[in-house]
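Enquirer: Right, I'll just put the structure down here and ask away after.
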Amino acid sequence: ETTYKGRRLIIRRTRLIGDQAELFPNWRYFGFVTDLEGPAIELDQFHRNRARIELSIKDLKEGAGLEHVPSGKFHANGA
């Protein structure tokens, strides 16, 4: 954890395992910048959960025909 332009920069490091580790036998890094307060581990969990939710919404809109949600018509949204 460090600061970047006045905000918190948190980097998570994970060791590669399995077949991928044979090709790249090192570490994989994931980072994010945040202005939230709290322990770095809890903020990492929060951001990963949020990313999972956003990917689910993207999959629904692109794969399940919900690309026009919400509609411009009030009653259509209620249905």
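Numbering starts fresh at 1 for the residues of each chain in the structure tokens, the chains themselves are lettered A, B, ... in the order given, and ligands are numbered from 1 as they appear.
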Can you tell me which residues surround Thr34 (chain A) at a distance of at most 12 Å, considering only C-alpha atoms, apart from same-chain residues fewer than 6 positions away, and format the answer as number ranges by chain?

Expert: A: 1-11, 40, 43-44, 46-47

Enquirer: When you count only C-alpha atoms, which of these residues is closest to Arg12 (chain A): A:Ala76, A:Val33, A:Leu55, A:Leu60?

Expert: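 Closest to Arg12 (chain A) of all the choices is A:Val33.
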
Enquirer: Kindly give the distance, in Å, that separates CA of Gly31 (chain A) and CA of Ile17 (chain A), rounded to a single decimal.

Expert: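 CA of Ile17 (chain A) lies at a distance of 19.6 Å from CA of Gly31 (chain A).
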
Enquirer: Just how far from CA of Ala51 (chain A) is CA of Leu36 (chain A), in Å to one decimal?

Expert: 16.0 Å

Enquirer: Quick check, in Å to one decimal: how far apart do CA of Pro39 (chain A) and CA of Arg52 (chain A) lie?

Expert: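 These atoms are spaced 20.3 Å apart.
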